[in-house]
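Next comes data_3.cif, a file with mmCIF, C-alpha atoms and all ligand atoms.
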data_target
loop_
_atom_site.label_atom_id
_atom_site.label_comp_id
_atom_site.auth_asym_id
_atom_site.auth_seq_id
_atom_site.Cartn_x
_atom_site.Cartn_y
_atom_site.Cartn_z
CA MET A 1 31.80 -39.01 17.35
CA ILE A 2 32.45 -39.05 13.61
CA GLN A 3 29.52 -41.44 13.15
CA ASP A 4 27.29 -39.14 15.23
CA ARG A 5 28.19 -36.18 13.07
CA LEU A 6 27.70 -37.94 9.79
CA LYS A 7 24.45 -39.50 11.03
CA HIS A 8 22.90 -36.02 10.85
CA LEU A 9 24.31 -35.21 7.44
CA THR A 10 22.26 -37.63 5.39
CA PRO A 11 22.22 -37.18 1.59
CA GLU A 12 18.73 -35.65 2.01
CA ALA A 13 20.05 -33.11 4.54
CA ARG A 14 22.92 -32.09 2.26
CA GLU A 15 20.55 -31.84 -0.68
CA ALA A 16 18.13 -29.62 1.31
CA PHE A 17 20.95 -27.29 2.30
CA GLU A 18 22.25 -27.11 -1.25
CA THR A 19 18.85 -26.60 -2.91
CA ASP A 20 16.83 -24.73 -0.29
CA GLY A 21 19.65 -22.93 1.54
CA VAL A 22 18.33 -24.27 4.84
CA VAL A 23 18.19 -27.58 6.66
CA CYS A 24 16.75 -28.66 10.00
CA LEU A 25 18.72 -31.31 11.91
CA ARG A 26 17.15 -33.13 14.83
CA HIS A 27 18.65 -34.10 18.22
CA VAL A 28 22.05 -32.49 17.70
CA LEU A 29 22.63 -30.81 21.07
CA THR A 30 22.57 -32.40 24.53
CA SER A 31 20.54 -31.21 27.50
CA ARG A 32 23.78 -30.09 29.20
CA GLU A 33 24.63 -27.95 26.17
CA LEU A 34 21.13 -26.46 26.10
CA ASP A 35 21.39 -25.61 29.80
CA HIS A 36 24.65 -23.77 29.15
CA LEU A 37 22.90 -21.64 26.55
CA ARG A 38 19.81 -21.03 28.70
CA ASN A 39 22.01 -19.90 31.59
CA ALA A 40 23.92 -17.55 29.32
CA VAL A 41 20.69 -16.09 27.92
CA ALA A 42 19.38 -15.50 31.46
CA ARG A 43 22.59 -13.65 32.35
CA GLN A 44 22.44 -11.55 29.19
CA MET A 45 18.81 -10.63 29.88
CA GLU A 46 19.66 -9.50 33.40
CA GLY A 47 22.16 -7.09 31.85
CA LEU A 48 19.78 -5.62 29.26
CA ARG A 49 20.12 -2.00 30.40
CA THR A 50 23.87 -2.17 31.01
CA SER A 51 25.05 -4.19 28.00
CA LYS A 52 26.68 -2.28 25.15
CA THR A 53 25.05 -4.68 22.72
CA GLY A 54 21.72 -5.60 24.35
CA TYR A 55 18.38 -4.32 22.98
CA ASP A 56 14.66 -4.83 23.37
CA PHE A 57 13.52 -4.42 19.77
CA GLU A 58 9.85 -4.52 20.79
CA GLU A 59 10.29 -1.41 22.94
CA LEU A 60 12.52 0.16 20.29
CA ALA A 61 9.83 -0.33 17.67
CA ARG A 62 7.39 1.58 19.91
CA GLN A 63 9.97 4.36 20.21
CA VAL A 64 10.47 4.41 16.46
CA TRP A 65 6.79 4.58 15.54
CA ASP A 66 5.75 7.08 18.22
CA PRO A 67 7.15 10.50 17.23
CA GLU A 68 6.83 11.72 20.85
CA ARG A 69 8.68 8.80 22.39
CA PRO A 70 12.42 9.37 22.81
CA VAL A 71 14.84 6.65 21.78
CA ASP A 72 16.35 5.05 24.87
CA THR A 73 18.65 2.05 24.43
CA GLY A 74 20.28 2.09 27.88
CA ALA A 75 24.01 1.48 27.46
CA ALA A 76 23.64 -0.22 24.07
CA GLU A 77 25.55 1.36 21.20
CA ARG A 78 25.81 -1.29 18.53
CA PHE A 79 23.11 0.34 16.41
CA ASP A 80 22.63 4.11 16.14
CA MET A 81 18.92 3.90 16.92
CA LYS A 82 18.32 7.66 16.95
CA MET A 83 19.54 7.77 13.35
CA MET A 84 17.56 4.62 12.56
CA LYS A 85 14.37 6.23 13.87
CA GLU A 86 14.82 9.09 11.39
CA ILE A 87 15.66 6.74 8.55
CA VAL A 88 12.72 4.44 9.19
CA ARG A 89 10.29 7.34 9.59
CA SER A 90 11.39 8.87 6.31
CA ASP A 91 11.04 5.56 4.46
CA GLU A 92 7.69 5.61 2.65
CA ALA A 93 7.55 1.84 2.41
CA ALA A 94 8.16 1.33 6.15
CA ARG A 95 5.37 0.29 8.48
CA PRO A 96 5.19 -1.43 11.87
CA LEU A 97 5.76 -5.16 11.54
CA LEU A 98 3.41 -6.29 14.27
CA GLU A 99 1.20 -9.30 14.78
CA GLU A 100 -2.39 -8.12 14.63
CA ASP A 101 -4.07 -10.51 16.99
CA ALA A 102 -2.25 -9.55 20.16
CA SER A 103 -2.85 -6.21 21.79
CA SER A 104 -0.53 -6.31 24.79
CA GLU A 105 2.26 -3.83 25.37
CA THR A 106 4.07 -6.33 27.55
CA GLY A 107 6.11 -8.10 24.88
CA LEU A 108 9.89 -8.27 24.74
CA PHE A 109 12.13 -8.98 21.75
CA PHE A 110 15.52 -9.31 23.38
CA TYR A 111 18.72 -9.21 21.35
CA ASP A 112 22.34 -9.40 22.42
CA VAL A 113 25.58 -10.75 20.97
CA ALA A 114 28.96 -12.26 21.76
CA ALA A 115 28.18 -14.16 24.95
CA TRP A 116 30.98 -16.56 23.94
CA LYS A 117 33.62 -14.06 25.03
CA SER A 118 32.61 -14.09 28.67
CA ASP A 119 30.69 -17.32 29.02
CA ARG A 120 32.53 -20.63 29.11
CA GLY A 121 29.29 -22.59 28.66
CA VAL A 122 28.54 -20.85 25.36
CA ARG A 123 32.08 -21.57 24.21
CA GLU A 124 31.62 -25.22 25.12
CA VAL A 125 28.63 -25.42 22.79
CA ALA A 126 30.06 -23.23 20.01
CA PHE A 127 33.51 -24.82 20.01
CA ASP A 128 33.20 -28.31 21.50
CA SER A 129 29.73 -29.67 20.66
CA GLN A 130 29.03 -31.62 17.48
CA LEU A 131 28.35 -28.35 15.64
CA PRO A 132 31.81 -27.34 14.36
CA GLY A 133 32.59 -30.75 12.84
CA LEU A 134 29.11 -31.04 11.43
CA VAL A 135 29.18 -27.56 9.85
CA ALA A 136 32.72 -28.02 8.46
CA ASN A 137 31.56 -31.22 6.86
CA LEU A 138 28.39 -29.64 5.46
CA LEU A 139 30.42 -26.79 3.94
CA GLY A 140 33.24 -29.05 2.74
CA SER A 141 35.67 -26.76 4.53
CA ARG A 142 39.12 -27.73 5.80
CA TYR A 143 38.77 -25.45 8.81
CA LEU A 144 36.13 -23.32 10.46
CA ASN A 145 36.19 -19.95 12.19
CA PHE A 146 33.60 -18.95 14.76
CA TRP A 147 32.31 -15.48 13.89
CA GLU A 148 29.85 -14.63 16.70
CA ASP A 149 26.80 -15.75 18.64
CA THR A 150 23.55 -13.77 18.77
CA THR A 151 20.64 -14.19 21.17
CA PHE A 152 17.03 -13.63 20.09
CA VAL A 153 14.29 -13.98 22.69
CA LYS A 154 10.61 -13.29 22.19
CA ALA A 155 8.52 -13.25 25.37
CA PRO A 156 4.97 -14.65 25.26
CA HIS A 157 2.67 -12.27 23.35
CA THR A 158 5.39 -10.26 21.67
CA ARG A 159 3.88 -8.57 18.62
CA GLN A 160 7.11 -7.57 16.95
CA LYS A 161 8.10 -9.65 13.92
CA THR A 162 11.68 -10.12 12.76
CA ALA A 163 11.79 -8.34 9.38
CA PHE A 164 12.92 -10.62 6.57
CA HIS A 165 16.60 -10.09 5.82
CA GLN A 166 19.76 -11.72 4.52
CA ASP A 167 22.72 -12.05 6.89
CA LEU A 168 25.76 -11.59 4.64
CA ALA A 169 25.87 -7.79 4.63
CA TYR A 170 25.66 -7.63 8.45
CA PHE A 171 29.11 -9.23 8.67
CA GLN A 172 32.57 -7.96 7.69
CA ILE A 173 33.13 -10.89 5.36
CA GLU A 174 32.91 -11.89 1.73
CA GLY A 175 32.24 -15.36 0.40
CA ASP A 176 29.43 -17.86 0.42
CA GLN A 177 30.92 -20.39 2.77
CA CYS A 178 29.23 -19.19 5.94
CA VAL A 179 26.26 -20.55 7.82
CA ILE A 180 24.03 -19.52 10.67
CA VAL A 181 22.94 -22.18 13.13
CA TRP A 182 19.66 -21.22 14.82
CA ILE A 183 19.33 -23.06 18.12
CA PRO A 184 15.91 -23.09 19.79
CA LEU A 185 15.97 -23.27 23.58
CA ASP A 186 12.19 -23.78 23.79
CA PRO A 187 9.83 -25.71 21.52
CA ALA A 188 9.07 -23.35 18.64
CA THR A 189 6.31 -23.24 16.02
CA LEU A 190 4.92 -20.61 13.69
CA GLU A 191 2.63 -19.51 16.54
CA SER A 192 5.59 -18.76 18.83
CA GLY A 193 7.71 -17.21 16.07
CA VAL A 194 9.92 -19.96 14.69
CA MET A 195 12.19 -18.83 11.83
CA GLN A 196 10.89 -18.78 8.26
CA TYR A 197 13.17 -19.12 5.23
CA VAL A 198 12.68 -18.30 1.56
CA ARG A 199 13.66 -21.50 -0.20
CA GLY A 200 16.41 -21.11 -2.78
CA SER A 201 16.96 -17.39 -2.03
CA HIS A 202 20.68 -18.07 -1.41
CA LYS A 203 20.91 -18.54 -5.18
CA TRP A 204 19.22 -15.29 -6.20
CA GLY A 205 22.66 -13.75 -6.78
CA GLU A 206 21.83 -10.71 -4.63
CA THR A 207 23.40 -9.16 -1.56
CA TYR A 208 20.78 -7.21 0.39
CA ALA A 209 21.39 -4.29 2.72
CA PRO A 210 20.94 -5.05 6.43
CA ASN A 211 17.95 -3.72 8.36
CA VAL A 212 17.36 -3.46 12.11
CA PHE A 213 14.68 -6.16 12.31
CA VAL A 214 11.80 -3.81 13.32
CA SER A 215 11.41 -2.58 9.72
CA GLN A 216 12.70 -3.65 6.31
CA THR A 217 14.30 -0.21 5.92
CA PRO A 218 17.97 -0.58 4.97
CA ILE A 219 20.52 0.97 7.31
CA ARG A 220 21.58 4.14 5.49
CA SER A 221 25.33 3.56 5.32
CA SER A 222 24.74 0.33 3.45
CA PRO A 223 24.24 0.06 -0.32
CA GLU A 224 20.53 0.45 -1.07
CA ASN A 225 19.79 -3.02 -2.34
CA ARG A 226 16.55 -3.60 -0.49
CA CYS A 227 15.36 -7.03 0.45
CA PRO A 228 12.03 -7.75 -1.29
CA ASP A 229 8.98 -6.99 0.86
CA ILE A 230 8.27 -10.58 1.85
CA GLU A 231 5.85 -9.64 4.66
CA ALA A 232 3.58 -7.81 2.19
CA ASN A 233 3.48 -10.67 -0.30
CA PRO A 234 4.22 -13.95 1.50
CA GLY A 235 2.24 -15.91 -1.08
CA ASN A 236 4.69 -14.88 -3.79
CA PHE A 237 7.57 -16.64 -2.06
CA ASP A 238 8.34 -20.25 -1.29
CA ILE A 239 8.60 -19.95 2.50
CA VAL A 240 9.53 -22.93 4.66
CA SER A 241 9.58 -23.35 8.44
CA PHE A 242 10.14 -26.22 10.84
CA ASP A 243 8.48 -27.00 14.16
CA VAL A 244 11.43 -27.59 16.45
CA GLN A 245 12.27 -28.93 19.89
CA PRO A 246 15.28 -28.02 22.04
CA GLY A 247 18.21 -30.09 20.74
CA ASP A 248 17.24 -29.53 17.09
CA VAL A 249 19.13 -26.93 15.05
CA ILE A 250 18.28 -25.11 11.83
CA ILE A 251 21.24 -24.27 9.59
CA HIS A 252 20.87 -21.64 6.90
CA HIS A 253 23.21 -20.32 4.24
CA VAL A 254 24.46 -16.77 4.80
CA LYS A 255 22.52 -15.58 1.73
CA THR A 256 19.21 -17.26 2.55
CA VAL A 257 16.52 -14.65 3.17
CA HIS A 258 14.74 -15.27 6.47
CA GLY A 259 12.48 -13.65 9.04
CA ALA A 260 10.01 -14.55 11.77
CA GLY A 261 6.59 -13.70 13.13
CA GLY A 262 5.97 -12.38 16.62
CA ASN A 263 5.28 -14.72 19.49
CA ARG A 264 1.50 -15.20 19.69
CA SER A 265 1.78 -18.06 22.15
CA ASP A 266 1.87 -18.25 25.97
CA GLN A 267 5.39 -19.74 25.85
CA TRP A 268 8.80 -18.08 25.67
CA ARG A 269 10.69 -18.35 22.41
CA ARG A 270 14.38 -18.25 23.33
CA ALA A 271 16.99 -18.89 20.65
CA VAL A 272 20.69 -18.46 20.14
CA SER A 273 22.33 -18.37 16.75
CA PHE A 274 25.93 -19.22 15.95
CA ARG A 275 27.74 -17.98 12.86
CA TYR A 276 30.55 -20.09 11.37
CA CYS A 277 32.81 -19.30 8.41
CA GLY A 278 34.68 -21.77 6.19
CA ASP A 279 38.12 -21.59 4.61
CA GLU A 280 36.97 -19.66 1.51
CA VAL A 281 35.64 -16.72 3.51
CA ARG A 282 37.75 -13.55 3.57
CA TYR A 283 37.60 -10.45 5.72
CA LEU A 284 35.89 -7.42 4.13
CA ASP A 285 35.29 -4.17 5.99
CA ARG A 286 31.97 -3.89 4.20
CA ALA A 287 30.07 -0.58 4.06
CA GLY A 288 27.03 -0.82 6.31
CA ALA A 289 28.07 -4.00 8.15
CA ILE A 290 27.16 -3.89 11.84
CA GLN A 291 30.18 -2.89 13.88
CA GLN A 292 31.28 -5.57 16.29
CA VAL A 293 32.02 -4.42 19.82
CA GLY A 294 35.26 -5.48 21.55
CA VAL A 295 37.11 -6.85 18.52
CA SER A 296 40.74 -6.02 17.82
CA ARG A 297 40.19 -5.17 14.10
CA ASP A 298 43.56 -6.63 13.21
CA LEU A 299 42.51 -7.93 9.78
CA GLU A 300 42.74 -6.29 6.36
CA ASP A 301 40.38 -6.79 3.45
CA GLY A 302 41.14 -10.10 1.75
CA ASP A 303 42.66 -11.72 4.85
CA ARG A 304 41.65 -15.14 6.07
CA LEU A 305 39.87 -14.83 9.44
CA PHE A 306 42.97 -15.73 11.42
CA SER A 307 42.49 -13.51 14.46
CA ALA A 308 41.81 -14.21 18.12
CA ASP A 309 38.43 -12.56 17.46
CA TYR A 310 37.39 -15.46 15.21
CA PRO A 311 38.74 -18.64 16.80
CA VAL A 312 39.44 -21.66 14.64
CA VAL A 313 37.04 -24.25 16.07
CA TRP A 314 37.64 -27.01 13.53
CA PRO A 315 39.64 -29.17 13.18
CA LYS A 316 40.70 -29.86 16.76
CA PRO A 317 44.48 -29.81 17.23
CA TRP A 318 43.96 -33.27 18.68
CA PRO A 319 40.81 -35.30 19.32
CA GLY A 320 39.11 -34.74 22.64
CA LEU A 321 40.70 -31.35 23.31
CA GLY A 322 38.15 -28.91 24.73
CA LEU A 323 38.65 -25.55 23.06
CA ALA A 324 36.32 -23.74 25.49
CA ASP A 325 39.01 -23.70 28.17
CA ALA A 326 41.86 -23.14 25.74
CA TYR A 327 40.32 -19.77 24.84
CA ASP A 328 40.73 -18.63 28.47
CA LEU A 329 44.44 -19.35 28.20
CA LEU A 330 45.06 -18.05 24.70
CA GLY A 331 42.29 -15.62 23.79
CA PRO A 332 42.61 -11.83 23.73
CA GLY A 333 41.22 -11.58 27.27
CA ALA A 334 43.93 -13.81 28.72
CA LYS A 335 45.87 -12.20 31.55
CA GLY A 336 49.03 -10.42 30.45
CA ARG A 337 48.18 -10.80 26.78
CA PRO A 338 47.27 -7.62 24.92
CA ALA A 339 44.35 -7.75 22.48
CA SER A 340 46.63 -6.89 19.57
CA CYS A 341 49.08 -9.71 20.28
CA PRO A 342 49.43 -11.85 17.12
O1 LIG B 1 15.36 -15.32 15.98
C1 LIG B 1 15.08 -14.33 15.29
O2 LIG B 1 14.00 -13.73 15.41
C2 LIG B 1 16.05 -13.85 14.24
C3 LIG B 1 17.17 -14.81 13.99
C4 LIG B 1 18.03 -14.45 12.84
O3 LIG B 1 17.72 -13.61 12.03
C5 LIG B 1 19.31 -15.13 12.69
O4 LIG B 1 19.65 -15.99 13.51
O5 LIG B 1 20.03 -14.82 11.71
#
Please rewrite the model in this file as structure tokens.
Amino acid sequence: MIQDRLKHLTPEAREAFETDGVVCLRHVLTSRELDHLRNAVARQMEGLRTSKTGYDFEELARQVWDPERPVDTGAAERFDMKMMKEIVRSDEAARPLLEEDASSETGLFFYDVAAWKSDRGVREVAFDSQLPGLVANLLGSRYLNFWEDTTFVKAPHTRQKTAFHQDLAYFQIEGDQCVIVWIPLDPATLESGVMQYVRGSHKWGETYAPNVFVSQTPIRSSPENRCPDIEANPGNFDIVSFDVQPGDVIIHHVKTVHGAGGNRSDQWRRAVSFRYCGDEVRYLDRAGAIQQVGVSRDLEDGDRLFSADYPVVWPKPWPGLGLADAYDLLGPGAKGRPASCP
């Protein structure tokens, strides 16, 4: 296992992560692990209208740009989209971020989070695959907390792009030792909307306000440090992307600016991304960070992430232990154990 992990972390891979803020690693996940994620994504998509955290950003973008169209997010409440519609519409620099060469209104840009809490298969991948050991090693961290998983699906012929953004200010954390692992569940290329990364942007020394993906407009409660308009001037930036197959993963630094095109292809572009934090990361109830749903909020600013909401997934208490099942026994949802239990 150790050899497998280190096999991926060649000197070139470490150098790419350090210099570019992003690295693509090939053949990291097994077909069983990918099936777990695909099954979880299918379940999440079935619950789109009833999930508190599930959105179709393609439909939302239509609601934002059409003044007559009411905002309707079903049961979802993670983002205040009515407020966002007003903010985006009053932002002079905002404009629809749509692919031009597709005219259909049938696209879907599905988003949901935190499948790990209810789905054992997602936990198996997030906690017990090669990823935690590999990421801990890449970050040089003694231990690793799992922050959250997020699902991003673009149906064939989805026009909506993913606005370029930086992840740090979405999370209630401070520190650089955090990565996002983007896991394609279908082959992905620029045509189908694979992720694009601005090389070296993790070293720009900036923290940019979050946006809601359909526009670069910062969410109002966040400090107004706007991400540069990459979509308007792509030639001014050193943008890198990777054609990927299921099993490959792309790991980016929490400060690396990234975005994606729409899906102009006939194929689905399903992806899940995992967020891991190292031992230098501290909790910070940051203004404008996206509120997590169903967390116990038992941490104070400056705390290490030692909370049942952010399980320690590396190192393993002993080799071979599967943490996916342990969470059922010990996590906040365990029977007879209140969420606030230390
Ligand atoms: O898949 C996408 O379109 C967005 C992914 C992303 O921004 C992320 O994983 O941080």
So that I can check the surroundings of Asp72 (chain A), please list as a PyMOL selection string every protein, DNA and RNA residue that reaches within 12 Å of it, counting all atoms listed in the file and ignoring chain neighbours fewer than 2 positions away.
chain A and resi 49+54-57+59-64+69-70+74-77+79-82+85
Site check for ligand LIG 1 (chain B): residues at most 8 Å away, all atoms listed in the file, as a ChimeraX atom specification
/A:150-154,161-162,164-167,180-182,193-195,258-261,270-274
Residue neighbourhood Cys178 (chain A), 6 Å, all atoms listed in the file, exclusion window fewer than 5 positions, as a compact mmCIF listing (two decimals) with C-alpha atoms, in the coordinates of the input:
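As written to disk, part16.txt reads:
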# COMPACT_ATOMS: atom_id res chain seq x y z
CA VAL A 254 24.46 -16.77 4.80
CA TYR A 276 30.55 -20.09 11.37
CA CYS A 277 32.81 -19.30 8.41
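Atom pair CA of Gly200 (chain A) / CA of Pro223 (chain A) has a distance of 22.7 Å (rounded to one decimal).
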Which residues of region 12-107 of chain A sit at most 10 Å from region 236-244 of chain A, using only C-alpha atoms? Give each one's shortest atom pair and distance in Å (one decimal place), in chain and ascending residue order, as a Markdown table.
| residue | atom | partner | partner_atom | distance |
| --- | --- | --- | --- | --- |
| A:Asp20 | CA | A:Val240 | CA | 9.0 |
| A:Val22 | CA | A:Val240 | CA | 8.9 |
| A:Val23 | CA | A:Phe242 | CA | 9.2 |
| A:Cys24 | CA | A:Phe242 | CA | 7.1 |
| A:Leu25 | CA | A:Val244 | CA | 9.4 |
| A:Arg26 | CA | A:Val244 | CA | 8.1 |
| A:His27 | CA | A:Val244 | CA | 9.9 |
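Taking CA of Lys52 (chain A) as the reference point, CA of Gly294 (chain A) is found at 9.8 Å.
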Restricting the calculation to all atoms listed in the file, which member of A:Arg199, A:Lys7, A:Arg275, A:Arg264 is positioned closest to Asn145 (chain A)?
A:Arg275
Please compute the CA of Gln216 (chain A)-CA of Ala94 (chain A) distance, one decimal, in Å.
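One can read the CA of Gln216 (chain A) to CA of Ala94 (chain A) distance as 6.7 Å.
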Counting all atoms listed in the file, which residues of region 202-296 of chain A fall within 8 Å of region 127-142 of chain A, and what is the closest atom pair for each with its distance in Å at one decimal, ordered by chain and rising number, as a tab-separated table?
residue	atom	partner	partner_atom	distance
A:Tyr276	CA	A:Val135	CA	7.7
A:Gly278	CA	A:Ser141	CA	5.4
A:Asp279	CA	A:Ser141	CA	5.7
A:Glu280	CA	A:Ser141	CA	7.8
Excluding same-chain residues fewer than 3 positions from Tyr208 (chain A), what lies within 7 Å of it counting all atoms listed in the file, as a list in words?
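So the residues in contact are Gln166, Ala169, Asn225, Arg226 and Cys227 of chain A.
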